[in-house]
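Below: query_4.txt (compact mmCIF, C-alpha atoms)
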# COMPACT_ATOMS: atom_id res chain seq x y z
CA MET A 113 0.00 0.00 0.00
CA ILE A 114 1.11 3.58 -0.71
CA ASP A 115 -0.16 6.98 0.36
CA VAL A 116 -1.94 9.37 -1.99
CA THR A 117 1.06 11.67 -2.47
CA GLN A 118 3.29 8.76 -3.36
CA ALA A 119 0.61 7.48 -5.75
CA LYS A 120 0.70 10.73 -7.72
CA GLU A 121 4.45 10.55 -7.98
CA ASN A 122 4.27 6.95 -9.17
CA TYR A 123 1.95 7.92 -12.03
CA ARG A 124 4.21 10.80 -12.99
CA ALA A 125 7.21 8.45 -13.05
CA GLN A 126 5.26 5.99 -15.20
CA PHE A 127 4.40 8.81 -17.58
CA ALA A 128 8.06 9.76 -18.03
CA ARG A 129 8.77 6.22 -19.24
CA PHE A 130 5.61 6.20 -21.37
CA GLU A 131 6.66 9.36 -23.19
CA GLN A 132 9.78 7.64 -24.49
CA GLU A 133 7.65 4.88 -25.98
CA LEU A 134 5.38 7.40 -27.75
CA ALA A 135 8.29 8.97 -29.58
CA ARG A 136 8.97 5.62 -31.24
CA ASN A 137 5.45 4.68 -32.39
CA GLY A 138 4.29 7.68 -34.41
CA GLN A 139 2.13 9.26 -31.71
CA GLY A 140 4.60 12.03 -30.87
CA TRP A 141 2.13 14.70 -32.01
CA THR A 142 0.01 13.93 -28.92
CA SER A 143 2.83 14.74 -26.49
CA SER A 144 1.65 18.27 -25.66
CA LEU A 145 -1.88 17.02 -24.95
CA ARG A 146 -0.61 14.18 -22.79
CA GLY A 147 1.83 16.45 -20.95
CA ALA A 148 -0.94 18.91 -20.13
CA ALA A 149 -3.13 16.06 -18.90
CA ILE A 150 -0.55 14.54 -16.54
CA SER A 151 0.25 18.00 -15.18
CA ARG A 152 -3.42 18.56 -14.53
CA PHE A 153 -3.65 15.21 -12.75
CA ALA A 154 -0.74 16.22 -10.54
CA GLU A 155 -2.64 19.41 -9.64
CA LEU A 156 -5.98 17.70 -9.04
CA GLY A 157 -4.85 14.52 -7.31
CA PHE A 158 -7.38 11.81 -6.65
CA PRO A 159 -10.86 13.09 -5.73
CA THR A 160 -11.96 12.86 -2.10
CA THR A 161 -15.33 12.63 -0.37
CA ARG A 162 -14.96 16.29 0.54
CA GLU A 163 -15.83 17.09 -3.07
CA GLU A 164 -19.58 17.20 -3.72
CA GLU A 165 -19.37 15.13 -6.91
CA TRP A 166 -17.54 12.36 -5.00
CA LYS A 167 -19.32 12.70 -1.68
CA TYR A 168 -20.56 9.10 -1.59
CA THR A 169 -17.62 7.35 -3.28
CA ASN A 170 -14.23 6.97 -1.65
CA VAL A 171 -11.49 6.18 -4.19
CA ALA A 172 -8.76 5.80 -1.56
CA PRO A 173 -8.60 2.02 -2.26
CA ILE A 174 -7.61 2.89 -5.85
CA ALA A 175 -5.06 5.48 -4.78
CA ARG A 176 -3.42 3.12 -2.29
CA ILE A 177 -2.76 0.25 -4.73
CA PRO A 178 0.46 0.63 -6.79
CA PHE A 179 -1.04 -0.36 -10.14
CA ALA A 180 1.52 -1.24 -12.80
CA PRO A 181 0.86 -0.34 -16.45
CA ALA A 182 -0.61 -3.26 -18.38
CA SER A 183 1.62 -4.70 -21.08
CA ALA A 184 1.18 -3.36 -24.61
CA GLU A 185 1.66 -6.95 -25.84
CA PRO A 186 -0.88 -8.93 -23.83
CA ASP A 187 -0.88 -12.69 -23.44
CA THR A 188 -3.94 -14.00 -25.32
CA SER A 189 -3.55 -17.68 -24.44
CA GLY A 190 -6.71 -19.13 -22.99
CA LEU A 191 -8.78 -16.05 -23.70
CA THR A 192 -10.64 -17.38 -26.73
CA GLN A 193 -12.93 -19.49 -24.56
CA ALA A 194 -13.31 -16.69 -22.01
CA LEU A 195 -14.36 -14.37 -24.81
CA ALA A 196 -16.95 -16.89 -26.02
CA ASP A 197 -18.31 -17.37 -22.51
CA LEU A 198 -18.49 -13.73 -21.47
CA ALA A 199 -19.38 -11.74 -24.58
CA PHE A 200 -22.69 -11.85 -26.41
CA ARG A 201 -22.56 -13.64 -29.75
CA ASP A 202 -23.55 -12.18 -33.10
CA PRO A 203 -21.56 -13.77 -35.93
CA MET A 204 -22.51 -10.97 -38.33
CA ALA A 205 -21.41 -8.11 -36.06
CA PRO A 206 -18.00 -6.48 -36.60
CA GLN A 207 -15.98 -7.03 -33.43
CA LEU A 208 -12.80 -5.41 -32.11
CA VAL A 209 -11.19 -7.13 -29.13
CA PHE A 210 -8.79 -5.43 -26.70
CA ILE A 211 -6.82 -7.15 -23.95
CA ASN A 212 -5.83 -4.77 -21.15
CA GLY A 213 -6.61 -1.89 -23.50
CA SER A 214 -4.48 -3.13 -26.43
CA TYR A 215 -5.96 -4.24 -29.75
CA VAL A 216 -5.70 -7.96 -30.56
CA GLN A 217 -6.16 -8.57 -34.27
CA GLU A 218 -6.38 -12.37 -34.13
CA LEU A 219 -9.43 -12.21 -31.86
CA SER A 220 -11.13 -9.46 -33.87
CA ALA A 221 -13.28 -9.62 -36.98
CA VAL A 222 -14.23 -6.53 -38.96
CA HIS A 223 -16.52 -7.37 -41.86
CA THR A 224 -19.91 -6.58 -43.40
CA LEU A 225 -19.25 -2.86 -43.11
CA PRO A 226 -20.55 -0.33 -45.64
CA GLN A 227 -17.99 1.35 -47.84
CA HIS A 228 -15.82 4.02 -46.19
CA VAL A 229 -16.95 3.15 -42.65
CA ARG A 230 -13.86 2.95 -40.44
CA VAL A 231 -13.71 0.60 -37.46
CA GLU A 232 -10.13 0.24 -36.30
CA SER A 233 -7.62 0.51 -33.51
CA LEU A 234 -7.24 4.04 -32.15
CA ALA A 235 -3.48 3.47 -31.90
CA SER A 236 -3.38 2.90 -35.64
CA ALA A 237 -5.42 6.04 -36.30
CA LEU A 238 -3.25 8.13 -33.97
CA SER A 239 -0.14 7.03 -35.83
CA ALA A 240 -1.39 7.07 -39.42
CA ASP A 241 -4.33 9.46 -39.64
CA ARG A 242 -3.84 12.47 -37.43
CA GLY A 243 -6.14 14.58 -39.62
CA GLN A 244 -9.17 12.44 -38.81
CA VAL A 245 -8.49 12.13 -35.09
CA GLU A 246 -7.07 15.46 -33.94
CA PRO A 247 -10.20 17.62 -34.55
CA HIS A 248 -12.14 15.53 -32.01
CA LEU A 249 -9.77 13.84 -29.59
CA ALA A 250 -10.07 15.33 -26.07
CA ARG A 251 -12.31 18.13 -27.38
CA TYR A 252 -15.36 16.92 -25.46
CA ALA A 253 -14.15 14.79 -22.53
CA SER A 254 -12.38 17.46 -20.53
CA TYR A 255 -9.49 16.42 -18.32
CA GLN A 256 -9.39 19.80 -16.60
CA ALA A 257 -11.83 18.89 -13.83
CA HIS A 258 -11.64 15.10 -13.74
CA ALA A 259 -8.57 13.29 -12.39
CA PHE A 260 -9.33 9.93 -13.98
CA THR A 261 -10.02 11.51 -17.37
CA ALA A 262 -6.68 13.31 -17.03
CA LEU A 263 -4.96 9.99 -16.33
CA ASN A 264 -6.65 8.38 -19.33
CA THR A 265 -5.69 11.27 -21.61
CA ALA A 266 -2.09 11.11 -20.46
CA PHE A 267 -1.73 7.33 -20.78
CA MET A 268 -4.12 6.44 -23.60
CA ARG A 269 -2.41 3.94 -25.84
CA ASP A 270 -5.22 2.24 -27.69
CA GLY A 271 -8.95 1.75 -28.01
CA ALA A 272 -11.37 2.01 -30.89
CA PHE A 273 -11.74 4.64 -33.59
CA ILE A 274 -15.06 4.56 -35.45
CA HIS A 275 -16.03 6.93 -38.24
CA VAL A 276 -19.40 6.66 -39.98
CA PRO A 277 -19.49 8.90 -43.09
CA ARG A 278 -22.35 11.18 -44.05
CA GLY A 279 -25.56 9.45 -45.09
CA THR A 280 -24.35 5.96 -44.14
CA ILE A 281 -26.42 3.38 -42.27
CA VAL A 282 -24.54 0.57 -40.51
CA GLU A 283 -27.00 -2.31 -40.29
CA GLN A 284 -25.06 -4.59 -37.92
CA PRO A 285 -24.06 -3.52 -34.39
CA ILE A 286 -20.37 -2.77 -33.89
CA HIS A 287 -19.03 -4.63 -30.85
CA LEU A 288 -16.03 -3.38 -28.87
CA VAL A 289 -14.81 -5.95 -26.34
CA PHE A 290 -12.40 -4.97 -23.56
CA ILE A 291 -11.06 -7.86 -21.48
CA SER A 292 -8.99 -7.10 -18.40
CA THR A 293 -6.55 -9.53 -16.83
CA ALA A 294 -3.90 -9.43 -14.13
CA SER A 295 -1.20 -12.01 -13.55
CA GLY A 296 0.53 -11.75 -10.21
CA GLU A 297 0.28 -7.96 -9.83
CA ALA A 298 -2.40 -5.30 -9.97
CA THR A 299 -2.40 -3.60 -13.37
CA VAL A 300 -4.10 -0.57 -14.92
CA SER A 301 -5.29 0.00 -18.49
CA TYR A 302 -6.67 3.13 -20.15
CA PRO A 303 -9.01 2.29 -23.05
CA ARG A 304 -9.83 5.35 -25.13
CA ASN A 305 -12.57 5.32 -27.75
CA LEU A 306 -13.43 7.98 -30.30
CA ILE A 307 -16.67 7.64 -32.27
CA VAL A 308 -17.52 10.18 -34.97
CA MET A 309 -20.82 10.06 -36.82
CA ASP A 310 -21.24 12.46 -39.71
CA ALA A 311 -24.59 14.01 -40.64
CA ASP A 312 -27.52 11.76 -41.61
CA SER A 313 -25.78 8.56 -40.45
CA GLN A 314 -26.98 5.72 -38.26
CA ALA A 315 -25.27 3.03 -36.18
CA ALA A 316 -25.41 0.86 -33.06
CA ILE A 317 -22.29 0.35 -30.93
CA VAL A 318 -21.76 -1.97 -27.97
CA GLU A 319 -18.91 -1.63 -25.46
CA SER A 320 -18.37 -4.70 -23.28
CA TYR A 321 -15.97 -4.48 -20.34
CA LEU A 322 -15.25 -8.01 -19.15
CA GLY A 323 -12.83 -9.53 -16.70
CA LEU A 324 -11.70 -12.82 -15.24
CA ASP A 325 -12.77 -13.62 -11.70
CA ASN A 326 -10.69 -12.91 -8.58
CA GLN A 327 -8.21 -10.59 -10.27
CA VAL A 328 -7.32 -7.09 -9.11
CA TYR A 329 -6.95 -4.43 -11.80
CA LEU A 330 -8.09 -0.92 -12.67
CA THR A 331 -9.80 0.02 -15.91
CA ALA A 332 -9.93 3.79 -16.49
CA ALA A 333 -11.91 4.21 -19.71
CA VAL A 334 -13.04 7.22 -21.72
CA THR A 335 -15.37 7.24 -24.73
CA GLU A 336 -15.99 10.40 -26.74
CA ILE A 337 -18.90 10.40 -29.18
CA VAL A 338 -19.70 13.09 -31.74
CA VAL A 339 -23.13 12.78 -33.37
CA ALA A 340 -23.69 15.29 -36.16
CA ASP A 341 -26.97 16.71 -37.45
CA HIS A 342 -29.86 14.31 -38.14
CA SER A 343 -27.86 11.23 -37.10
CA VAL A 344 -29.08 8.33 -34.96
CA LEU A 345 -26.98 6.33 -32.49
CA GLU A 346 -27.81 3.43 -30.17
CA HIS A 347 -24.97 2.98 -27.67
CA TYR A 348 -24.69 0.14 -25.16
CA THR A 349 -22.24 -0.38 -22.28
CA LEU A 350 -22.00 -3.70 -20.44
CA GLN A 351 -19.68 -3.79 -17.42
CA GLN A 352 -19.01 -7.29 -16.11
CA GLN A 353 -15.63 -6.99 -14.45
CA SER A 354 -14.05 -9.10 -11.72
CA LYS A 355 -15.59 -8.68 -8.27
CA GLN A 356 -12.11 -7.63 -7.08
CA ALA A 357 -11.60 -5.02 -9.80
CA PHE A 358 -11.95 -1.25 -10.06
CA HIS A 359 -13.70 0.40 -12.99
CA VAL A 360 -13.91 4.15 -13.64
CA ALA A 361 -15.46 5.21 -16.95
CA LEU A 362 -16.60 8.38 -18.69
CA LEU A 363 -18.98 8.50 -21.64
CA GLN A 364 -19.11 11.95 -23.25
CA VAL A 365 -21.63 12.59 -26.04
CA HIS A 366 -21.97 15.73 -28.15
CA GLN A 367 -25.10 16.01 -30.30
CA GLY A 368 -25.96 18.16 -33.29
CA ARG A 369 -29.26 19.43 -34.66
CA SER A 370 -32.17 16.94 -34.74
CA SER A 371 -29.89 14.07 -33.77
CA ASN A 372 -31.13 11.15 -31.69
CA VAL A 373 -28.98 9.24 -29.18
CA THR A 374 -29.96 6.39 -26.87
CA CYS A 375 -27.46 5.12 -24.29
CA HIS A 376 -27.95 1.91 -22.29
CA SER A 377 -25.71 1.19 -19.29
CA ILE A 378 -25.57 -2.19 -17.52
CA ALA A 379 -23.31 -2.55 -14.45
CA LEU A 380 -22.96 -5.99 -12.84
CA GLY A 381 -19.33 -6.49 -11.80
CA GLY A 382 -16.52 -4.68 -10.04
CA ALA A 383 -15.65 -4.02 -6.42
CA LEU A 384 -15.72 -0.24 -6.87
CA VAL A 385 -17.31 1.20 -10.00
CA ARG A 386 -17.86 4.78 -11.11
CA ASN A 387 -19.76 5.37 -14.38
CA GLU A 388 -20.26 8.87 -15.74
CA ALA A 389 -22.47 9.64 -18.71
CA ASN A 390 -22.56 13.23 -19.94
CA VAL A 391 -24.65 14.29 -22.93
CA VAL A 392 -24.64 17.77 -24.49
CA LEU A 393 -27.61 18.55 -26.73
CA ASP A 394 -25.89 21.27 -28.73
CA GLY A 395 -28.30 21.36 -31.65
CA GLU A 396 -31.93 22.47 -31.91
CA GLY A 397 -34.39 19.59 -31.72
CA ALA A 398 -31.86 17.06 -30.43
CA GLU A 399 -33.17 14.06 -28.49
CA CYS A 400 -31.46 11.72 -26.03
CA THR A 401 -32.45 8.78 -23.85
CA LEU A 402 -30.40 7.33 -21.00
CA ASN A 403 -31.31 3.90 -19.63
CA GLY A 404 -29.36 2.27 -16.83
CA LEU A 405 -29.42 -0.89 -14.72
CA TYR A 406 -27.03 -1.67 -11.87
CA MET A 407 -27.21 -4.92 -9.89
CA VAL A 408 -24.74 -5.42 -7.05
CA THR A 409 -24.31 -7.57 -3.96
CA GLY A 410 -21.76 -8.46 -1.31
CA GLN A 411 -19.46 -5.48 -0.67
CA GLN A 412 -19.78 -4.00 -4.17
CA HIS A 413 -20.03 -0.25 -4.65
CA VAL A 414 -21.42 1.28 -7.86
CA ASP A 415 -21.72 5.02 -8.53
CA ASN A 416 -23.69 6.35 -11.50
CA HIS A 417 -23.25 10.02 -12.40
CA THR A 418 -25.18 11.50 -15.31
CA ARG A 419 -25.51 14.99 -16.72
CA ILE A 420 -27.69 16.10 -19.62
CA ASP A 421 -27.00 19.61 -20.91
CA HIS A 422 -29.81 21.19 -22.91
CA VAL A 423 -28.00 23.96 -24.76
CA LYS A 424 -30.32 24.70 -27.70
CA PRO A 425 -34.14 24.99 -28.03
CA HIS A 426 -36.66 22.18 -28.49
CA GLY A 427 -34.45 19.49 -26.94
CA THR A 428 -35.97 16.33 -25.46
CA SER A 429 -34.41 13.95 -22.94
CA ARG A 430 -35.64 10.92 -21.06
CA GLU A 431 -33.69 9.14 -18.34
CA LEU A 432 -34.50 5.97 -16.38
CA TYR A 433 -31.95 4.28 -14.10
CA LYS A 434 -32.83 1.26 -11.98
CA GLY A 435 -30.82 -0.34 -9.21
CA VAL A 436 -31.05 -3.72 -7.46
CA LEU A 437 -28.90 -4.01 -4.33
CA ASP A 438 -28.37 -6.95 -1.99
CA GLY A 439 -25.97 -7.96 0.76
CA ARG A 440 -23.98 -4.97 2.02
CA ALA A 441 -23.75 -3.38 -1.41
CA ARG A 442 -23.91 0.35 -1.85
CA GLY A 443 -25.21 2.29 -4.82
CA VAL A 444 -25.08 5.94 -5.83
CA PHE A 445 -27.18 7.76 -8.39
CA ASN A 446 -26.46 11.44 -9.03
CA GLY A 447 -28.19 12.76 -12.13
CA LYS A 448 -28.47 16.36 -13.28
CA ILE A 449 -30.50 17.96 -16.04
CA TYR A 450 -29.04 21.36 -16.86
CA VAL A 451 -31.16 23.69 -19.00
CA HIS A 452 -29.18 26.60 -20.45
CA PRO A 453 -30.71 30.09 -20.88
CA ALA A 454 -31.23 29.66 -24.65
CA ALA A 455 -32.83 26.21 -24.39
CA GLN A 456 -36.51 27.17 -24.46
CA LYS A 457 -39.13 24.48 -25.12
CA THR A 458 -36.95 21.87 -23.41
CA ASP A 459 -38.81 18.69 -22.47
CA ALA A 460 -36.88 16.59 -19.94
CA LYS A 461 -37.73 13.83 -17.48
CA GLN A 462 -35.46 11.94 -15.10
CA THR A 463 -36.33 8.90 -12.96
CA ASN A 464 -34.31 6.73 -10.60
CA LYS A 465 -35.84 3.61 -9.01
CA ASN A 466 -34.10 1.32 -6.53
CA LEU A 467 -34.92 -2.07 -5.06
CA LEU A 468 -33.20 -3.11 -1.83
CA LEU A 469 -33.16 -6.86 -1.21
CA SER A 470 -31.46 -6.82 2.18
CA GLN A 471 -31.48 -4.76 5.36
CA ASP A 472 -27.82 -3.81 4.89
CA ALA A 473 -27.97 -2.60 1.28
CA LEU A 474 -27.76 1.18 0.87
CA ILE A 475 -28.48 3.66 -1.92
CA ASP A 476 -27.74 7.38 -2.08
CA THR A 477 -29.85 9.00 -4.79
CA LYS A 478 -29.73 12.63 -5.86
CA PRO A 479 -31.76 13.61 -8.94
CA GLN A 480 -31.27 17.29 -9.83
CA LEU A 481 -32.72 19.97 -12.09
CA GLU A 482 -30.88 23.21 -12.82
CA ILE A 483 -33.00 25.39 -15.09
CA TYR A 484 -32.26 28.85 -16.51
CA ASN A 485 -35.23 29.21 -18.87
CA ASN A 486 -38.88 29.57 -17.92
CA ASP A 487 -40.41 28.06 -21.06
CA VAL A 488 -39.63 24.38 -20.32
CA LYS A 489 -41.29 21.17 -19.17
CA CYS A 490 -39.01 19.28 -16.78
CA GLY A 491 -39.50 16.75 -14.01
CA HIS A 492 -37.55 14.29 -11.91
CA GLY A 493 -38.17 11.70 -9.24
CA SER A 494 -36.62 8.90 -7.22
CA THR A 495 -37.92 5.85 -5.36
CA ILE A 496 -36.32 3.44 -2.91
CA GLY A 497 -38.16 0.37 -1.69
CA ARG A 498 -38.28 -3.31 -0.97
CA LEU A 499 -40.26 -6.08 -2.64
CA ASP A 500 -43.98 -5.48 -2.43
CA GLU A 501 -45.45 -7.63 0.33
CA ASP A 502 -48.87 -7.73 -1.32
CA ALA A 503 -47.35 -8.97 -4.57
CA LEU A 504 -45.38 -11.61 -2.66
CA PHE A 505 -48.54 -12.74 -0.86
CA TYR A 506 -50.43 -12.92 -4.18
CA LEU A 507 -47.78 -15.17 -5.75
CA ARG A 508 -47.44 -17.39 -2.68
CA ALA A 509 -51.22 -17.81 -2.48
CA ARG A 510 -51.01 -19.37 -5.94
CA GLY A 511 -48.50 -22.00 -4.91
CA ILE A 512 -45.26 -20.19 -5.75
CA GLY A 513 -42.51 -20.56 -3.15
CA LEU A 514 -41.12 -17.55 -1.33
CA GLU A 515 -37.71 -17.58 -2.99
CA GLU A 516 -39.17 -18.08 -6.46
CA ALA A 517 -41.67 -15.29 -5.86
CA ARG A 518 -38.87 -12.94 -4.80
CA SER A 519 -36.92 -13.82 -7.93
CA LEU A 520 -39.94 -13.26 -10.18
CA LEU A 521 -40.59 -9.80 -8.75
CA THR A 522 -36.92 -8.84 -8.92
CA TYR A 523 -36.72 -10.04 -12.52
CA ALA A 524 -39.81 -8.02 -13.43
CA PHE A 525 -38.28 -4.89 -11.88
CA ALA A 526 -34.92 -5.23 -13.66
CA SER A 527 -36.07 -6.56 -17.02
CA GLU A 528 -37.77 -3.29 -17.95
CA ILE A 529 -34.36 -1.84 -18.85
CA ILE A 530 -33.29 -4.92 -20.82
CA SER A 531 -36.57 -4.92 -22.76
CA ARG A 532 -35.67 -1.49 -24.16
CA MET A 533 -32.62 -2.85 -25.96
CA LYS A 534 -32.95 -3.41 -29.69
CA ILE A 535 -30.04 -5.82 -30.26
CA GLU A 536 -31.57 -9.25 -29.75
CA PRO A 537 -28.37 -11.27 -29.07
CA LEU A 538 -27.39 -8.73 -26.42
CA SER A 539 -30.79 -8.71 -24.72
CA VAL A 540 -30.78 -12.54 -24.71
CA LYS A 541 -27.32 -12.53 -23.10
CA LEU A 542 -28.40 -10.00 -20.47
CA ASN A 543 -31.52 -11.98 -19.65
CA GLU A 544 -29.28 -15.01 -19.06
CA LEU A 545 -27.03 -12.97 -16.77
CA LEU A 546 -30.04 -11.65 -14.90
CA LEU A 547 -31.45 -15.14 -14.37
CA THR A 548 -28.11 -16.46 -13.10
CA TRP A 549 -27.77 -13.46 -10.79
CA LEU A 550 -31.15 -13.96 -9.12
CA PRO A 551 -30.64 -17.33 -7.34
CA LYS A 552 -27.57 -15.94 -5.59
CA LYS A 553 -29.77 -13.42 -3.85
CA GLN A 554 -31.42 -16.17 -1.87
CA ASP A 555 -28.27 -17.42 -0.10
Can I see the file as structure tokens?
Amino acid sequence: MIDVTQAKENYRAQFARFEQELARNGQGWTSSLRGAAISRFAELGFPTTREEEWKYTNVAPIARIPFAPASAEPDTSGLTQALADLAFRDPMAPQLVFINGSYVQELSAVHTLPQHVRVESLASALSADRGQVEPHLARYASYQAHAFTALNTAFMRDGAFIHVPRGTIVEQPIHLVFISTASGEATVSYPRNLIVMDADSQAAIVESYLGLDNQVYLTAAVTEIVVADHSVLEHYTLQQQSKQAFHVALLQVHQGRSSNVTCHSIALGGALVRNEANVVLDGEGAECTLNGLYMVTGQQHVDNHTRIDHVKPHGTSRELYKGVLDGRARGVFNGKIYVHPAAQKTDAKQTNKNLLLSQDALIDTKPQLEIYNNDVKCGHGSTIGRLDEDALFYLRARGIGLEEARSLLTYAFASEIISRMKIEPLSVKLNELLLTWLPKKQD
């Protein structure tokens, strides 16, 4: 274990070695950006519970572990079966696989893509196509106020780069698979994804963060998405990391005029998890939907932070996050809808619902509205409760056992989020995970 000050110095020392590597692989043009990011991290340090945005999540366990950088040449032996077991299967879907944040070509398959659609390693794009990447990279996910985003920006080595040209419809979902492993020591990886959708385009993208059981590692991920005018995006995030792992992720979306974005977030794994989803509706008539489901037990801690910025008029947003907590698990939901002065005719609704299955489970929920225009229609709400005793009595009166009745009601509560997903193989996989999760609640 190390103290927080020593942890900062360790990351700075790691960065000095990392810089030398960058000079050799064609990514030297990013050095000023990376240098500014690591300097900002040194100024910020790790967030503490004294900060309002981190009031309910203590990241000291992350700061105290001396994580070593994951190898840029990961060992892929034995991972083929793990990939088949953990990831959802769609043989027609283009799939990029990353081990500890590094692209693995032999496990990937990019096919059935329309002409000129780019789905490739970000490391390749950083080295060979600066003109496509530079206008967007780190323009939306700011490292100035977020320590983990600063770390990711400083140490980003690889991830996915997706570009959908104007007027293009990608029929098959694009699947990005991130598998984390640790062999003998705690490691850290920094996946960085950049997704650019030109005007009048359409696509569905799935990010799966998977891990092997009983391994300690940190995944600090950032995804930046730019959705131009009149484009449509369905984005899915599945987090199924090791129960000993740490996962901190930021999803930053920037929308243009009359664009439509739907984001689904599923969080099942991890010892300490922090998911942030920020959406900026920066075009008139833009629409966004955020759906989330978090299911945790034991000593797990999951923190969901969302922010929807209505910048221009006639924007519409809908948000529904649901949590199921058992054992001594702790959940956090902090969602804000921010209506800017020029965003008249905004229509926004935010809802957080939580189901506590044990006396020791705890949820801190904080839905927020911050409105600077009078001509809007906005609302928010939150509920926390246990299984309905009347519903349990009804099911038991019809011959259903207590444990089965509890599972049925829990499944009904959680499956509402899964039913909103349009990718059938993914929804089937999530239903399987949900069904295997339920019996454990009756221990």
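Summary of the local environment: counting all atoms listed in the file, residues at most 7 Å from Ser214 of chain A, other than itself and those fewer than 3 positions away along its chain, are Ala184, Phe210, Ile211, Asp270 and Gly271 of chain A.
Taking all atoms listed in the file into account, Thr192 of chain A lies nearest to A:Val209 out of the set A:Leu468, A:Val365, A:Ile281, A:Val209.
Distance-wise, atom CA of Asp472 of chain A and atom CA of Gly410 of chain A end up 9.8 Å apart.
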List as JSON lines every residue of segment 281-344 of chain A that is in contact with segment 516-533 of chain A, defined as an atom at most 12 Å from one of its atoms (using all atoms listed in the file), together with the nearest atom pair and the distance in Å rounded to one decimal, sorted by chain and then rising number.
{"residue": "A:Ala316", "atom": "CA", "partner": "A:Met533", "partner_atom": "CA", "distance": 10.8}
{"residue": "A:Ile317", "atom": "CA", "partner": "A:Met533", "partner_atom": "CA", "distance": 11.9}
{"residue": "A:Val318", "atom": "CA", "partner": "A:Met533", "partner_atom": "CA", "distance": 11.1}
Item to complete: Compile the contact shell of Met268 of chain A as a VMD selection string: residues with an atom at most 7 Å away, counting only C-alpha atoms, same-chain residues fewer than 4 positions apart removed.
Response: chain A and resid 264 302 to 304
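Neighbours of Gln471 of chain A closer than or equal to 12 Å, with only C-alpha atoms counted and sequence neighbours fewer than 4 positions away skipped, come out as A:Leu437, A:Asp438, A:Gly439, A:Arg440, A:Ala441, A:Arg442, A:Leu467, A:Ile475, A:Gly497, A:Arg498, A:Leu499.
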Practice prompt. Please identify all polymer residues within 6 Å of Asp312 of chain A, counting only C-alpha atoms, omitting same-chain residues fewer than 3 positions from it, and present them as an MDAnalysis selection string.
Written response: chainID A and resid 278:279 342:343
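With all atoms listed in the file as the basis for measurement, A:Arg269 is the residue among A:His275, A:Arg269, A:His258, A:Arg386 that approaches Val300 of chain A most closely.
Checking A:His376, A:Arg176, A:Arg146, A:His413 one by one against Glu319 of chain A, counting all atoms listed in the file, you find the shortest gap at A:His376.
Nearest residue to Ala235 of chain A, choosing from A:Gln118, A:Gln351, A:Asn305, A:Asn416 and counting only C-alpha atoms: A:Asn305.
Among the candidate residues A:Ile150, A:Asp241, A:His287, A:Ala315, the one lying nearest to Met204 of chain A is A:His287, with distances computed using only C-alpha atoms.
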